[in-house]
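Source file: input_38.pdb. Holds: PDB, C-alpha atoms, pLDDT in the B column.
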ATOM      1  CA  MET T   1     -50.076   1.463  65.310  1.00 61.00           C
ATOM      2  CA  ILE T   2     -51.752   3.945  67.748  1.00 65.00           C
ATOM      3  CA  ASP T   3     -51.947   2.805  71.394  1.00 72.00           C
ATOM      4  CA  THR T   4     -55.359   4.316  72.297  1.00 73.00           C
ATOM      5  CA  HIS T   5     -55.440   2.549  75.698  1.00 72.00           C
ATOM      6  CA  LYS T   6     -52.243   4.266  76.764  1.00 76.00           C
ATOM      7  CA  ILE T   7     -53.576   7.645  75.639  1.00 71.00           C
ATOM      8  CA  TYR T   8     -56.872   7.058  77.457  1.00 70.00           C
ATOM      9  CA  ASN T   9     -55.157   6.154  80.764  1.00 76.00           C
ATOM     10  CA  ALA T  10     -52.900   9.223  80.533  1.00 74.00           C
ATOM     11  CA  LEU T  11     -55.929  11.510  80.007  1.00 70.00           C
ATOM     12  CA  LYS T  12     -58.052   9.821  82.665  1.00 74.00           C
ATOM     13  CA  ALA T  13     -55.713  11.089  85.361  1.00 74.00           C
ATOM     14  CA  ASN T  14     -56.885  14.658  84.692  1.00 75.00           C
ATOM     15  CA  PHE T  15     -60.269  14.212  83.004  1.00 75.00           C
ATOM     16  CA  SER T  16     -63.423  12.329  83.577  1.00 79.00           C
ATOM     17  CA  ALA T  17     -63.938   9.018  81.838  1.00 77.00           C
ATOM     18  CA  GLU T  18     -66.204  10.574  79.220  1.00 79.00           C
ATOM     19  CA  GLN T  19     -63.796  13.442  78.583  1.00 76.00           C
ATOM     20  CA  ALA T  20     -60.741  11.126  78.449  1.00 71.00           C
ATOM     21  CA  GLU T  21     -62.522   8.858  75.927  1.00 79.00           C
ATOM     22  CA  ALA T  22     -63.565  11.822  73.770  1.00 78.00           C
ATOM     23  CA  LEU T  23     -60.075  13.282  73.814  1.00 74.00           C
ATOM     24  CA  THR T  24     -58.534   9.887  72.992  1.00 74.00           C
ATOM     25  CA  ASN T  25     -60.772   9.609  69.948  1.00 79.00           C
ATOM     26  CA  ILE T  26     -59.890  13.112  68.802  1.00 78.00           C
ATOM     27  CA  ILE T  27     -56.141  12.535  69.247  1.00 75.00           C
ATOM     28  CA  SER T  28     -56.278   9.158  67.464  1.00 74.00           C
ATOM     29  CA  GLU T  29     -58.158  10.627  64.490  1.00 76.00           C
ATOM     30  CA  THR T  30     -55.705  13.542  64.330  1.00 75.00           C
ATOM     31  CA  ILE T  31     -52.737  11.177  64.281  1.00 74.00           C
ATOM     32  CA  LEU T  32     -54.387   8.985  61.636  1.00 68.00           C
ATOM     33  CA  ASP T  33     -55.226  12.031  59.497  1.00 67.00           C
ATOM     34  CA  PHE T  34     -51.628  13.220  59.749  1.00 64.00           C
ATOM     35  CA  ASP T  35     -50.316   9.794  58.782  1.00 62.00           C
ATOM     36  CA  ARG T  36     -52.708   9.688  55.860  1.00 64.00           C
ATOM     37  CA  LEU T  37     -51.681  13.225  54.897  1.00 60.00           C
ATOM     38  CA  VAL T  38     -47.996  12.357  54.975  1.00 54.00           C
ATOM     39  CA  THR T  39     -48.581   9.189  52.989  1.00 62.00           C
ATOM     40  CA  LYS T  40     -50.531  11.018  50.306  1.00 63.00           C
ATOM     41  CA  GLN T  41     -47.889  13.736  50.085  1.00 66.00           C
ATOM     42  CA  GLU T  42     -45.074  11.251  49.780  1.00 64.00           C
ATOM     43  CA  LEU T  43     -47.089   9.217  47.295  1.00 59.00           C
ATOM     44  CA  GLY T  44     -47.653  12.334  45.209  1.00 70.00           C
ATOM     45  CA  GLU T  45     -43.965  13.145  45.296  1.00 69.00           C
ATOM     46  CA  LEU T  46     -43.140   9.568  44.374  1.00 60.00           C
ATOM     47  CA  LYS T  47     -45.572   9.654  41.477  1.00 68.00           C
ATOM     48  CA  GLU T  48     -44.092  12.932  40.289  1.00 76.00           C
ATOM     49  CA  ALA T  49     -40.595  11.504  40.544  1.00 68.00           C
ATOM     50  CA  ILE T  50     -41.647   8.402  38.615  1.00 63.00           C
ATOM     51  CA  LYS T  51     -43.239  10.606  35.986  1.00 74.00           C
ATOM     52  CA  GLU T  52     -40.084  12.671  35.663  1.00 78.00           C
ATOM     53  CA  LEU T  53     -37.977   9.511  35.443  1.00 68.00           C
ATOM     54  CA  SER T  54     -40.280   8.085  32.792  1.00 71.00           C
ATOM     55  CA  GLU T  55     -40.038  11.292  30.792  1.00 81.00           C
ATOM     56  CA  ALA T  56     -36.276  11.330  31.156  1.00 78.00           C
ATOM     57  CA  GLN T  57     -36.152   7.707  30.077  1.00 78.00           C
ATOM     58  CA  ARG T  58     -38.346   8.485  27.091  1.00 84.00           C
ATOM     59  CA  ARG T  59     -36.089  11.354  26.070  1.00 86.00           C
ATOM     60  CA  THR T  60     -33.033   9.132  26.596  1.00 82.00           C
ATOM     61  CA  GLU T  61     -34.528   6.394  24.427  1.00 84.00           C
ATOM     62  CA  GLU T  62     -35.380   8.945  21.761  1.00 84.00           C
ATOM     63  CA  ARG T  63     -31.843  10.257  21.877  1.00 87.00           C
ATOM     64  CA  LEU T  64     -30.446   6.725  21.734  1.00 84.00           C
ATOM     65  CA  ASN T  65     -32.658   6.013  18.747  1.00 86.00           C
ATOM     66  CA  GLU T  66     -31.408   9.201  17.086  1.00 86.00           C
ATOM     67  CA  LEU T  67     -27.810   8.199  17.803  1.00 85.00           C
ATOM     68  CA  ALA T  68     -28.446   4.686  16.485  1.00 85.00           C
ATOM     69  CA  GLU T  69     -29.940   6.146  13.315  1.00 87.00           C
ATOM     70  CA  ALA T  70     -27.035   8.549  12.953  1.00 86.00           C
ATOM     71  CA  GLN T  71     -24.607   5.658  13.454  1.00 88.00           C
ATOM     72  CA  ARG T  72     -26.466   3.608  10.839  1.00 89.00           C
ATOM     73  CA  ARG T  73     -26.248   6.467   8.332  1.00 88.00           C
ATOM     74  CA  THR T  74     -22.571   6.957   9.175  1.00 87.00           C
ATOM     75  CA  GLU T  75     -21.875   3.258   8.666  1.00 87.00           C
ATOM     76  CA  GLU T  76     -23.703   3.365   5.343  1.00 87.00           C
ATOM     77  CA  ARG T  77     -21.594   6.346   4.257  1.00 87.00           C
ATOM     78  CA  LEU T  78     -18.412   4.609   5.434  1.00 85.00           C
ATOM     79  CA  ASP T  79     -19.354   1.432   3.576  1.00 84.00           C
ATOM     80  CA  LYS T  80     -20.055   3.465   0.465  1.00 85.00           C
ATOM     81  CA  LEU T  81     -16.786   5.348   0.863  1.00 81.00           C
ATOM     82  CA  ALA T  82     -14.863   2.093   1.405  1.00 81.00           C
ATOM     83  CA  HIS T  83     -16.451   0.653  -1.733  1.00 80.00           C
ATOM     84  CA  GLU T  84     -15.588   3.776  -3.708  1.00 82.00           C
ATOM     85  CA  MET T  85     -12.016   3.714  -2.391  1.00 81.00           C
ATOM     86  CA  THR T  86     -11.707   0.035  -3.330  1.00 81.00           C
ATOM     87  CA  GLU T  87     -12.926   0.827  -6.824  1.00 81.00           C
ATOM     88  CA  MET T  88     -10.587   3.811  -7.079  1.00 80.00           C
ATOM     89  CA  ARG T  89      -7.664   1.687  -5.855  1.00 79.00           C
ATOM     90  CA  ARG T  90      -8.515  -1.035  -8.359  1.00 77.00           C
ATOM     91  CA  GLU T  91      -8.728   1.508 -11.183  1.00 74.00           C
ATOM     92  CA  PHE T  92      -5.512   3.159 -10.000  1.00 70.00           C
ATOM     93  CA  TYR T  93      -3.570  -0.107  -9.978  1.00 70.00           C
ATOM     94  CA  ALA T  94      -5.061  -1.035 -13.342  1.00 67.00           C
ATOM     95  CA  GLU T  95      -3.888   2.308 -14.743  1.00 69.00           C
ATOM     96  CA  ILE T  96      -0.437   1.867 -13.161  1.00 69.00           C
ATOM     97  CA  LYS T  97      -0.211  -1.634 -14.629  1.00 61.00           C
ATOM     98  CA  ASP T  98      -1.227  -0.280 -18.020  1.00 58.00           C
ATOM     99  CA  ILE T  99       1.332   2.527 -17.769  1.00 54.00           C
ATOM    100  CA  ARG T 100       4.038   0.053 -16.781  1.00 56.00           C
ATOM    101  CA  GLN T 101       3.123  -2.154 -19.705  1.00 52.00           C
ATOM    102  CA  GLN T 102       3.222   0.830 -22.025  1.00 50.00           C
ATOM    103  CA  LEU T 103       6.540   1.976 -20.595  1.00 46.00           C
ATOM    104  CA  GLY T 104       7.857  -1.580 -20.785  1.00 48.00           C
ATOM    105  CA  GLY T 105       6.767  -1.790 -24.389  1.00 44.00           C
ATOM    106  CA  LEU T 106       8.294   1.603 -25.097  1.00 41.00           C
ATOM    107  CA  SER T 107      11.527   0.648 -23.364  1.00 50.00           C
ATOM    108  CA  MET T 108      11.617  -2.614 -25.316  1.00 46.00           C
ATOM    109  CA  ALA T 109      10.948  -0.779 -28.555  1.00 43.00           C
ATOM    110  CA  VAL T 110      13.715   1.716 -27.782  1.00 45.00           C
ATOM    111  CA  GLY T 111      16.060  -1.138 -26.893  1.00 45.00           C
ATOM    112  CA  TYR T 112      15.258  -2.998 -30.098  1.00 53.00           C
ATOM    113  CA  GLY T 113      15.785   0.235 -32.000  1.00 72.00           C
ATOM    114  CA  ILE T 114      19.264   0.584 -30.526  1.00 85.00           C
ATOM    115  CA  GLU T 115      20.098  -3.030 -31.316  1.00 86.00           C
ATOM    116  CA  ASP T 116      18.948  -2.765 -34.925  1.00 85.00           C
ATOM    117  CA  ARG T 117      20.888   0.469 -35.332  1.00 87.00           C
ATOM    118  CA  ILE T 118      24.252  -0.770 -34.039  1.00 90.00           C
ATOM    119  CA  MET T 119      24.276  -4.418 -35.109  1.00 90.00           C
ATOM    120  CA  PRO T 120      25.668  -3.609 -38.592  1.00 90.00           C
ATOM    121  CA  TYR T 121      28.778  -2.174 -36.899  1.00 92.00           C
ATOM    122  CA  PHE T 122      29.366  -5.099 -34.570  1.00 92.00           C
ATOM    123  CA  TYR T 123      31.538  -7.206 -36.903  1.00 93.00           C
ATOM    124  CA  ASP T 124      33.913  -4.289 -37.364  1.00 91.00           C
ATOM    125  CA  LEU T 125      33.887  -3.431 -33.648  1.00 93.00           C
ATOM    126  CA  ALA T 126      34.618  -7.024 -32.620  1.00 95.00           C
ATOM    127  CA  GLU T 127      37.528  -7.301 -34.995  1.00 93.00           C
ATOM    128  CA  LYS T 128      39.134  -3.908 -34.359  1.00 92.00           C
ATOM    129  CA  ASP T 129      38.493  -3.473 -30.609  1.00 93.00           C
ATOM    130  CA  TYR T 130      38.654  -7.077 -29.380  1.00 95.00           C
ATOM    131  CA  GLY T 131      40.496  -9.030 -32.065  1.00 95.00           C
ATOM    132  CA  ILE T 132      37.462 -11.323 -32.364  1.00 96.00           C
ATOM    133  CA  THR T 133      36.201 -12.700 -35.647  1.00 96.00           C
ATOM    134  CA  LEU T 134      32.454 -13.062 -35.222  1.00 96.00           C
ATOM    135  CA  LYS T 135      30.778 -16.242 -36.401  1.00 96.00           C
ATOM    136  CA  SER T 136      27.237 -15.319 -35.340  1.00 95.00           C
ATOM    137  CA  LEU T 137      25.369 -12.221 -34.245  1.00 95.00           C
ATOM    138  CA  ASP T 138      21.895 -12.503 -32.796  1.00 93.00           C
ATOM    139  CA  ARG T 139      19.211 -11.225 -30.433  1.00 92.00           C
ATOM    140  CA  ARG T 140      18.728 -14.353 -28.360  1.00 93.00           C
ATOM    141  CA  ASN T 141      16.845 -15.939 -25.472  1.00 95.00           C
ATOM    142  CA  TYR T 142      19.511 -18.027 -23.783  1.00 97.00           C
ATOM    143  CA  ILE T 143      17.759 -21.009 -22.163  1.00 96.00           C
ATOM    144  CA  TYR T 144      19.380 -22.687 -19.156  1.00 96.00           C
ATOM    145  CA  PRO T 145      19.113 -26.408 -18.283  1.00 93.00           C
ATOM    146  CA  ASP T 146      16.474 -25.711 -15.601  1.00 94.00           C
ATOM    147  CA  GLY T 147      14.189 -24.057 -18.175  1.00 94.00           C
ATOM    148  CA  ARG T 148      14.809 -20.473 -17.120  1.00 96.00           C
ATOM    149  CA  TYR T 149      16.174 -18.069 -19.662  1.00 96.00           C
ATOM    150  CA  ASP T 150      17.769 -14.651 -20.157  1.00 96.00           C
ATOM    151  CA  GLU T 151      16.814 -12.301 -22.952  1.00 94.00           C
ATOM    152  CA  VAL T 152      20.161 -11.230 -24.395  1.00 95.00           C
ATOM    153  CA  ASN T 153      19.929  -8.050 -26.464  1.00 94.00           C
ATOM    154  CA  ILE T 154      23.058  -8.781 -28.477  1.00 95.00           C
ATOM    155  CA  TYR T 155      24.654 -12.224 -28.393  1.00 97.00           C
ATOM    156  CA  ALA T 156      27.798 -12.239 -30.535  1.00 97.00           C
ATOM    157  CA  GLU T 157      29.902 -15.399 -30.720  1.00 97.00           C
ATOM    158  CA  GLY T 158      33.306 -15.448 -32.333  1.00 97.00           C
ATOM    159  CA  VAL T 159      36.870 -16.688 -32.293  1.00 97.00           C
ATOM    160  CA  LYS T 160      39.895 -14.974 -30.803  1.00 96.00           C
ATOM    161  CA  GLY T 161      43.008 -16.893 -31.744  1.00 92.00           C
ATOM    162  CA  ASP T 162      42.059 -20.475 -30.953  1.00 93.00           C
ATOM    163  CA  ARG T 163      39.461 -19.585 -28.314  1.00 96.00           C
ATOM    164  CA  VAL T 164      35.703 -19.204 -28.704  1.00 97.00           C
ATOM    165  CA  CYS T 165      34.405 -16.123 -26.875  1.00 97.00           C
ATOM    166  CA  LEU T 166      31.308 -14.000 -26.535  1.00 97.00           C
ATOM    167  CA  ILE T 167      30.485 -10.325 -26.755  1.00 97.00           C
ATOM    168  CA  ILE T 168      27.318  -9.730 -24.740  1.00 97.00           C
ATOM    169  CA  ALA T 169      25.644  -6.337 -25.040  1.00 96.00           C
ATOM    170  CA  GLU T 170      22.712  -4.798 -23.176  1.00 95.00           C
ATOM    171  CA  CYS T 171      20.877  -1.873 -24.802  1.00 93.00           C
ATOM    172  CA  LYS T 172      18.964   0.771 -22.817  1.00 92.00           C
ATOM    173  CA  ALA T 173      18.001   4.346 -23.638  1.00 89.00           C
ATOM    174  CA  GLN T 174      19.426   5.637 -20.346  1.00 91.00           C
ATOM    175  CA  PRO T 175      20.670   2.773 -18.162  1.00 93.00           C
ATOM    176  CA  GLY T 176      20.297   3.090 -14.389  1.00 94.00           C
ATOM    177  CA  LYS T 177      22.142   1.398 -11.547  1.00 96.00           C
ATOM    178  CA  LYS T 178      19.559  -1.392 -11.334  1.00 95.00           C
ATOM    179  CA  ASP T 179      20.012  -2.056 -15.053  1.00 95.00           C
ATOM    180  CA  VAL T 180      23.755  -2.367 -14.437  1.00 97.00           C
ATOM    181  CA  ASP T 181      23.178  -4.801 -11.556  1.00 97.00           C
ATOM    182  CA  ARG T 182      20.807  -6.950 -13.626  1.00 97.00           C
ATOM    183  CA  PHE T 183      23.245  -6.977 -16.535  1.00 97.00           C
ATOM    184  CA  SER T 184      26.076  -8.079 -14.247  1.00 97.00           C
ATOM    185  CA  ASP T 185      23.935 -10.888 -12.810  1.00 97.00           C
ATOM    186  CA  MET T 186      23.090 -12.090 -16.318  1.00 97.00           C
ATOM    187  CA  LEU T 187      26.750 -12.054 -17.295  1.00 98.00           C
ATOM    188  CA  SER T 188      27.569 -14.266 -14.301  1.00 97.00           C
ATOM    189  CA  ARG T 189      24.897 -16.756 -15.361  1.00 97.00           C
ATOM    190  CA  LEU T 190      26.081 -16.801 -18.970  1.00 97.00           C
ATOM    191  CA  ARG T 191      29.722 -17.289 -17.979  1.00 97.00           C
ATOM    192  CA  ALA T 192      28.776 -20.172 -15.698  1.00 96.00           C
ATOM    193  CA  ALA T 193      26.515 -21.785 -18.321  1.00 96.00           C
ATOM    194  CA  THR T 194      28.775 -21.410 -21.388  1.00 96.00           C
ATOM    195  CA  GLY T 195      32.204 -21.619 -19.796  1.00 96.00           C
ATOM    196  CA  LEU T 196      33.342 -19.016 -22.327  1.00 96.00           C
ATOM    197  CA  GLU T 197      35.167 -15.737 -21.926  1.00 96.00           C
ATOM    198  CA  VAL T 198      32.632 -12.922 -22.083  1.00 97.00           C
ATOM    199  CA  TYR T 199      33.251  -9.321 -23.134  1.00 98.00           C
ATOM    200  CA  PRO T 200      30.360  -7.190 -21.832  1.00 98.00           C
ATOM    201  CA  ILE T 201      29.162  -3.900 -23.301  1.00 97.00           C
ATOM    202  CA  LEU T 202      26.391  -1.706 -21.866  1.00 97.00           C
ATOM    203  CA  ILE T 203      24.995   0.542 -24.600  1.00 95.00           C
ATOM    204  CA  GLY T 204      22.817   3.637 -24.170  1.00 93.00           C
ATOM    205  CA  TYR T 205      21.974   6.964 -25.666  1.00 91.00           C
ATOM    206  CA  VAL T 206      23.306   8.673 -22.545  1.00 92.00           C
ATOM    207  CA  PHE T 207      24.730   7.758 -19.106  1.00 95.00           C
ATOM    208  CA  SER T 208      24.337   9.827 -15.963  1.00 95.00           C
ATOM    209  CA  PRO T 209      27.550  10.662 -14.064  1.00 96.00           C
ATOM    210  CA  GLU T 210      26.330   8.509 -11.163  1.00 96.00           C
ATOM    211  CA  VAL T 211      25.925   5.475 -13.401  1.00 97.00           C
ATOM    212  CA  GLU T 212      29.318   6.002 -15.044  1.00 97.00           C
ATOM    213  CA  MET T 213      30.972   6.221 -11.610  1.00 97.00           C
ATOM    214  CA  TYR T 214      28.990   3.210 -10.397  1.00 97.00           C
ATOM    215  CA  VAL T 215      30.151   1.054 -13.300  1.00 97.00           C
ATOM    216  CA  GLN T 216      33.766   2.203 -12.946  1.00 96.00           C
ATOM    217  CA  THR T 217      33.893   1.361  -9.232  1.00 97.00           C
ATOM    218  CA  GLN T 218      31.617  -1.703  -9.034  1.00 97.00           C
ATOM    219  CA  TYR T 219      31.839  -3.320 -12.477  1.00 97.00           C
ATOM    220  CA  PRO T 220      35.040  -2.126 -14.217  1.00 97.00           C
ATOM    221  CA  GLU T 221      34.884  -5.090 -16.635  1.00 97.00           C
ATOM    222  CA  ILE T 222      31.703  -3.649 -18.223  1.00 97.00           C
ATOM    223  CA  ARG T 223      32.380  -1.319 -21.135  1.00 97.00           C
ATOM    224  CA  LEU T 224      30.054   1.657 -21.534  1.00 97.00           C
ATOM    225  CA  MET T 225      29.320   2.782 -25.086  1.00 94.00           C
ATOM    226  CA  LYS T 226      26.978   5.440 -26.417  1.00 93.00           C
ATOM    227  CA  THR T 227      25.031   4.631 -29.551  1.00 90.00           C
ATOM    228  CA  PHE T 228      26.744   7.233 -31.716  1.00 89.00           C
ATOM    229  CA  GLU T 229      30.206   5.804 -30.944  1.00 89.00           C
ATOM    230  CA  PHE T 230      29.631   2.758 -33.165  1.00 87.00           C
ATOM    231  CA  GLU T 231      29.060   4.812 -36.281  1.00 80.00           C
ATOM    232  CA  LEU T 232      31.824   7.295 -35.434  1.00 79.00           C
ATOM    233  CA  SER T 233      34.352   4.528 -34.858  1.00 73.00           C
ATOM    234  CA  TYR T 234      33.341   2.789 -38.064  1.00 64.00           C
ATOM    235  CA  ASP T 235      33.516   6.015 -40.085  1.00 64.00           C
ATOM    236  CA  ALA T 236      36.911   6.857 -38.584  1.00 64.00           C
ATOM    237  CA  ARG T 237      38.284   3.436 -39.508  1.00 68.00           C
ATOM    238  CA  LYS T 238      36.772   3.721 -42.954  1.00 65.00           C
ATOM    239  CA  LYS T 239      38.471   7.057 -43.522  1.00 64.00           C
ATOM    240  CA  ARG T 240      41.815   5.682 -42.347  1.00 65.00           C
ATOM    241  CA  ARG T 241      41.509   2.762 -44.742  1.00 61.00           C
ATOM    242  CA  ALA T 242      40.672   5.161 -47.535  1.00 58.00           C
TER     243      ALA T 242
END

Step by step, read the file and then write its structure as structure tokens.
Amino acid sequence: MIDTHKIYNALKANFSAEQAEALTNIISETILDFDRLVTKQELGELKEAIKELSEAQRRTEERLNELAEAQRRTEERLDKLAHEMTEMRREFYAEIKDIRQQLGGLSMAVGYGIEDRIMPYFYDLAEKDYGITLKSLDRRNYIYPDGRYDEVNIYAEGVKGDRVCLIIAECKAQPGKKDVDRFSDMLSRLRAATGLEVYPILIGYVFSPEVEMYVQTQYPEIRLMKTFEFELSYDARKKRRA
């Protein structure tokens, strides 16, 4: 606030009362005009700054809206892609399952083909190679007391001297190490369940060197036979008898 009395007293020392009063009024108005000028200038600058901030905020909101829209579209595409990938995965697993079933069916058919082919030679093989007189020869599901069972490709029961024994054969086109392991596990179950001596034979069209070595070192009690050996052995014996 302007102290006009102080200004007037300071001027009165050098001017007349009328002059001091006139000068005081002039000085007061000048100061007030300057204050009003400064206030208007600052107010204008403030308004301009507010306007610029508002515009910047508007542009920011527009940009945020654009980003939100872009994010929404991206999420929609990701959801669509995830759905498509789920469908593709489901179709893929369905195809894999179908292929496995087909391969399983093919493997079973090949196995049954081997069994049917060599079974006629089994009576001769049992007698000549093992000294066993077969009483039964079958493709059997051996059921255990707990209800579980093993599918035995060739289940041959016979007599050796005064003892009942079994020849158990597994037939595969080209047996692998896992087939050998599974066969060995089944043999252990059958021995425990029947209490009989078991002569195991693993039969295939061909054996890889790795499998042959694996059987020799890990399961030497398992005999490996190729499908053609049954007929050759039988023919050889037949010729000798002739």

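Comparing T:Thr74, T:Asn14, T:Gln218, T:Ser208 by their smallest distance to T:Asp181, the closest is T:Gln218 (using only C-alpha atoms).
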
I would like the residues chosen by the PyMOL selection byres ((chain T and resi 212) around 12) on the shown file; could you give them as a ChimeraX atom specification?
-> /T:174-177,180,202-204,206-211,213-220,222-226

Please indicate the distance in Å from atom CA of T:Phe122 to atom CA of T:Val198, rounded to one decimal place.
->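 One can read the atom CA of T:Phe122 to atom CA of T:Val198 distance as 15.1 Å.
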
Skip T:Glu115 itself and residues of its chain fewer than 2 positions away, then list as a ChimeraX atom specification all residues within 12 Å of it, counting all atoms listed in the file.
-> /T:108-113,117-122,137-140,152-155,168-173,202-205,226-227,230

By how many Å are atom CA of T:Lys135 and atom CA of T:Val159 apart?
->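 Separation between atom CA of T:Lys135 and atom CA of T:Val159: 7.4 Å.
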